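Raw input23.txt, compact mmCIF, C-alpha atoms:
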```
# COMPACT_ATOMS: atom_id res chain seq x y z
CA MET A 1026 56.46 166.87 79.09
CA GLY A 1027 59.19 165.88 76.63
CA VAL A 1028 59.00 163.85 73.47
CA SER A 1029 59.11 160.09 74.14
CA ASN A 1030 60.75 157.20 72.31
CA ILE A 1031 57.29 156.33 70.99
CA ASP A 1032 56.88 159.81 69.49
CA TRP A 1033 60.26 159.63 67.73
CA MET A 1034 59.48 156.13 66.47
CA ARG A 1035 56.22 157.43 65.02
CA CYS A 1036 58.34 159.91 63.02
CA ALA A 1037 60.43 157.00 61.74
CA LEU A 1038 57.26 155.07 60.87
CA LYS A 1039 56.03 157.97 58.73
CA LEU A 1040 59.28 157.75 56.78
CA ALA A 1041 58.88 153.98 56.46
CA HIS A 1042 55.48 154.59 54.88
CA ARG A 1043 57.16 156.99 52.45
CA ALA A 1044 59.55 154.20 51.45
CA ALA A 1045 56.63 151.81 50.90
CA GLU A 1046 54.83 154.39 48.77
CA GLN A 1047 57.94 154.49 46.57
CA GLY A 1048 58.05 150.70 46.26
CA GLU A 1049 61.00 150.36 48.63
CA VAL A 1050 61.20 148.08 51.66
CA PRO A 1051 59.40 150.14 54.34
CA VAL A 1052 62.11 151.16 56.79
CA GLY A 1053 62.45 154.66 58.22
CA ALA A 1054 64.96 156.29 60.56
CA VAL A 1055 65.43 159.56 62.43
CA ILE A 1056 68.39 160.82 64.40
CA VAL A 1057 67.67 162.95 67.45
CA GLN A 1058 70.09 165.13 69.36
CA LYS A 1059 69.15 167.53 72.14
CA GLY A 1060 65.46 166.96 71.57
CA GLU A 1061 65.37 167.70 67.84
CA ILE A 1062 65.60 165.68 64.66
CA ILE A 1063 68.93 166.36 62.96
CA GLY A 1064 68.64 163.72 60.26
CA GLU A 1065 66.05 161.48 58.69
CA GLY A 1066 65.97 158.82 56.02
CA TRP A 1067 63.98 156.03 54.45
CA ASN A 1068 65.03 153.09 52.32
CA GLN A 1069 65.91 154.19 48.78
CA PRO A 1070 68.34 151.68 47.26
CA ILE A 1071 66.11 151.02 44.23
CA ALA A 1072 65.33 154.67 43.47
CA LEU A 1073 68.91 155.84 43.99
CA HIS A 1074 70.55 152.78 42.41
CA ASP A 1075 72.60 152.56 45.58
CA PRO A 1076 72.85 149.40 47.69
CA THR A 1077 73.96 151.50 50.67
CA ALA A 1078 70.87 153.76 50.64
CA HIS A 1079 69.31 152.15 53.70
CA ALA A 1080 67.17 154.35 55.96
CA GLU A 1081 69.86 154.50 58.66
CA ILE A 1082 72.60 155.49 56.21
CA GLN A 1083 70.37 158.18 54.69
CA ALA A 1084 69.64 159.53 58.18
CA LEU A 1085 73.33 159.45 59.16
CA ARG A 1086 74.29 161.32 55.99
CA ALA A 1087 71.63 163.97 56.60
CA ALA A 1088 72.60 164.40 60.27
CA ALA A 1089 76.33 164.60 59.50
CA SER A 1090 75.65 167.18 56.81
CA PHE A 1091 73.42 169.18 59.17
CA GLN A 1092 76.04 169.07 61.94
CA LYS A 1093 78.92 169.55 59.49
CA ASN A 1094 80.64 166.70 61.29
CA TYR A 1095 80.81 162.97 60.60
CA ARG A 1096 80.77 162.32 64.34
CA LEU A 1097 77.35 162.46 66.00
CA PRO A 1098 78.03 162.12 69.74
CA ASN A 1099 75.08 162.17 72.14
CA ALA A 1100 72.70 161.31 69.31
CA THR A 1101 70.01 158.64 69.26
CA LEU A 1102 69.01 156.81 66.10
CA TYR A 1103 65.40 155.58 65.91
CA CYS A 1104 64.74 152.97 63.26
CA THR A 1105 61.70 150.87 62.46
CA LEU A 1106 63.84 147.76 61.83
CA GLU A 1107 66.92 146.40 63.58
CA PRO A 1108 69.95 147.60 61.57
CA CYS A 1109 72.04 145.35 59.34
CA VAL A 1110 75.81 144.97 59.72
CA MET A 1111 76.54 147.84 57.30
CA CYS A 1112 74.26 150.26 59.15
CA ALA A 1113 75.48 149.17 62.59
CA GLY A 1114 79.07 149.74 61.47
CA ALA A 1115 78.22 153.21 60.18
CA MET A 1116 76.52 154.03 63.49
CA MET A 1117 79.65 153.07 65.39
CA HIS A 1118 81.85 155.16 63.09
CA ALA A 1119 79.50 158.12 63.61
CA ARG A 1120 79.66 157.56 67.39
CA ILE A 1121 75.89 157.26 67.77
CA GLU A 1122 75.17 156.95 71.49
CA ARG A 1123 71.89 155.02 71.40
CA LEU A 1124 69.82 152.96 69.00
CA ILE A 1125 66.08 152.47 69.45
CA PHE A 1126 64.43 150.08 66.99
CA GLY A 1127 60.97 148.64 66.50
CA ALA A 1128 61.01 145.32 64.66
CA TYR A 1129 63.65 142.64 65.05
CA ASP A 1130 65.39 141.49 61.85
CA ILE A 1131 65.79 137.79 62.45
CA ARG A 1132 67.80 137.28 59.24
CA TYR A 1133 70.22 140.21 59.19
CA GLY A 1134 69.90 142.02 62.51
CA ALA A 1135 73.26 143.26 63.74
CA ALA A 1136 72.23 144.56 67.18
CA VAL A 1137 70.93 141.34 68.69
CA SER A 1138 69.12 138.99 66.31
CA GLN A 1139 72.14 137.62 64.43
CA PHE A 1140 75.14 139.57 65.70
CA GLY A 1141 75.96 141.55 68.81
CA LEU A 1142 77.99 144.02 66.81
CA LEU A 1143 77.04 147.17 68.72
CA ASN A 1144 78.63 145.87 71.92
CA THR A 1145 81.59 143.89 70.60
CA PRO A 1146 84.26 144.11 73.34
CA THR A 1147 87.18 144.49 70.91
CA LEU A 1148 85.75 147.65 69.31
CA ASN A 1149 86.45 151.10 70.71
CA HIS A 1150 82.86 152.39 70.52
CA HIS A 1151 79.68 150.77 71.76
CA VAL A 1152 76.10 151.73 71.05
CA ALA A 1153 73.46 151.25 73.73
CA TRP A 1154 70.25 149.86 72.27
CA GLU A 1155 66.62 149.26 73.08
CA ALA A 1156 64.33 147.05 71.04
CA GLY A 1157 60.59 146.72 70.58
CA VAL A 1158 59.39 150.32 70.54
CA LEU A 1159 56.16 150.19 68.49
CA GLN A 1160 57.25 146.69 67.51
CA GLU A 1161 53.78 145.58 66.42
CA GLU A 1162 53.28 148.56 64.08
CA CYS A 1163 56.78 148.29 62.62
CA THR A 1164 56.48 144.54 62.08
CA SER A 1165 52.99 144.84 60.62
CA LEU A 1166 54.12 147.38 58.02
CA LEU A 1167 56.94 145.10 56.87
CA GLN A 1168 54.72 142.03 56.80
CA THR A 1169 52.05 143.86 54.79
CA PHE A 1170 54.62 145.05 52.28
CA PHE A 1171 56.14 141.61 51.77
CA ARG A 1172 52.74 139.93 51.63
CA ALA A 1173 51.78 142.29 48.78
CA ARG A 1174 55.07 141.67 47.02
CA ARG A 1175 54.72 137.88 47.28
CA ALA A 1176 51.14 138.05 46.03
CA LEU A 1177 52.24 140.01 42.99
CA THR A 1178 55.18 137.75 42.19
CA SER A 1179 53.15 134.57 42.68
CA ALA A 1180 50.66 135.92 40.16
CA GLY A 1181 53.55 136.10 37.68
CA LYS A 1182 53.53 139.88 37.54
CA ARG A 1183 56.57 142.08 37.56
CA ILE A 1184 56.52 144.30 40.63
CA GLU A 1185 56.28 147.92 39.66
CA ALA A 1186 56.74 150.70 42.18
CA ALA A 1187 53.38 152.19 41.20
CA THR A 1188 51.60 148.89 41.90
CA LEU A 1189 53.18 148.58 45.34
CA GLN A 1190 52.45 152.24 45.99
CA THR A 1191 48.79 151.63 45.26
CA LEU A 1192 48.67 148.62 47.57
CA MET A 1193 50.54 150.31 50.40
CA SER A 1194 49.03 153.78 50.21
CA GLU A 1195 45.80 152.76 51.83
CA HIS A 1196 45.12 152.26 55.51
CA PRO A 1197 45.43 148.71 56.95
CA LEU A 1198 41.71 148.00 56.60
CA VAL A 1199 41.85 148.74 52.88
CA GLN A 1200 45.07 146.73 52.60
CA GLN A 1201 43.31 143.68 54.06
CA CYS A 1202 40.57 143.95 51.44
CA VAL A 1203 43.14 144.21 48.64
CA PHE A 1204 44.99 141.14 49.93
CA GLN A 1205 41.75 139.12 50.13
CA HIS A 1206 41.10 139.90 46.46
CA ILE A 1207 44.67 139.10 45.39
CA GLU A 1208 44.74 135.78 47.25
```
For this file, produce the structure as structure tokens.
Amino acid sequence: MGVSNIDWMRCALKLAHRAAEQGEVPVGAVIVQKGEIIGEGWNQPIALHDPTAHAEIQALRAAASFQKNYRLPNATLYCTLEPCVMCAGAMMHARIERLIFGAYDIRYGAAVSQFGLLNTPTLNHHVAWEAGVLQEECTSLLQTFFRARRALTSAGKRIEAATLQTLMSEHPLVQQCVFQHIE
């Protein structure tokens, strides 16, 4: 039996947890071609001082480097959050065939939530997409992260990566206890 969309999304979720541990917004992405991961990434704009260091861009860079080609035909990108306009544009330039994402991004989502960029008729490449794979887990991770961040800022504290890492490094049951004490 082959690897399923759920299995690949679990790989992306592990990378999202890595981002959270580093104090970054917890988004992870993997690119799969012919049944193997050819690129992976997690959000790193703070650590790299790079506003373009989104999980999808990091994964695209890694996959292109691995393939020694900026075009990634027949590849599927799995991401824990619906891509923004920048990431959707990069996917089209790379000729990604499919996008599978977990959580919808109701503010910036470029696949469906705010824009239908991946299937714009006037563009020469379209990306097929599927939403909602492990949606609850992906959404929960983001909500937990932002709840911790809001709790810290409402307490008048500067958010340090180490503080967020401590809050996010524990399992959800421990996270709930921490949030009860913060609130």
Could you check how far atom CA of Gly1066 of chain A sits from atom CA of Arg1175 of chain A, in Å to one decimal?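 The value is 25.3 Å.
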Please return the centre and edge lengths, in Å to one decimal, of a box with edges along x, y and z that contains all listed atoms of segment 1168-1180 of chain A, widened by 4 Å on every side, as lines of an AutoDock Vina configuration file.
```
center_x = 53.4
center_y = 139.8
center_z = 48.5
size_x = 13.5
size_y = 18.5
size_z = 24.6
```
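Here atom CA of Ile1071 of chain A is placed at a distance of 18.1 Å from atom CA of Pro1108 of chain A.
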Coordinates-based distance that separates atom CA of Ala1078 of chain A from atom CA of Ile1062 of chain A (Å, one decimal):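 Atom CA of Ala1078 of chain A lies at a distance of 19.1 Å from atom CA of Ile1062 of chain A.
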Excluding Tyr1095 of chain A and its own-chain neighbours fewer than 3 positions away, which residues fall within 10 Å of it when counting all atoms listed in the file? Please give them as a list of chain:residue names. A:Leu1085, A:Arg1086, A:Ala1088, A:Ala1089, A:Ser1090, A:Phe1091, A:Gln1092, A:Pro1098, A:His1118, A:Ala1119, A:Arg1120
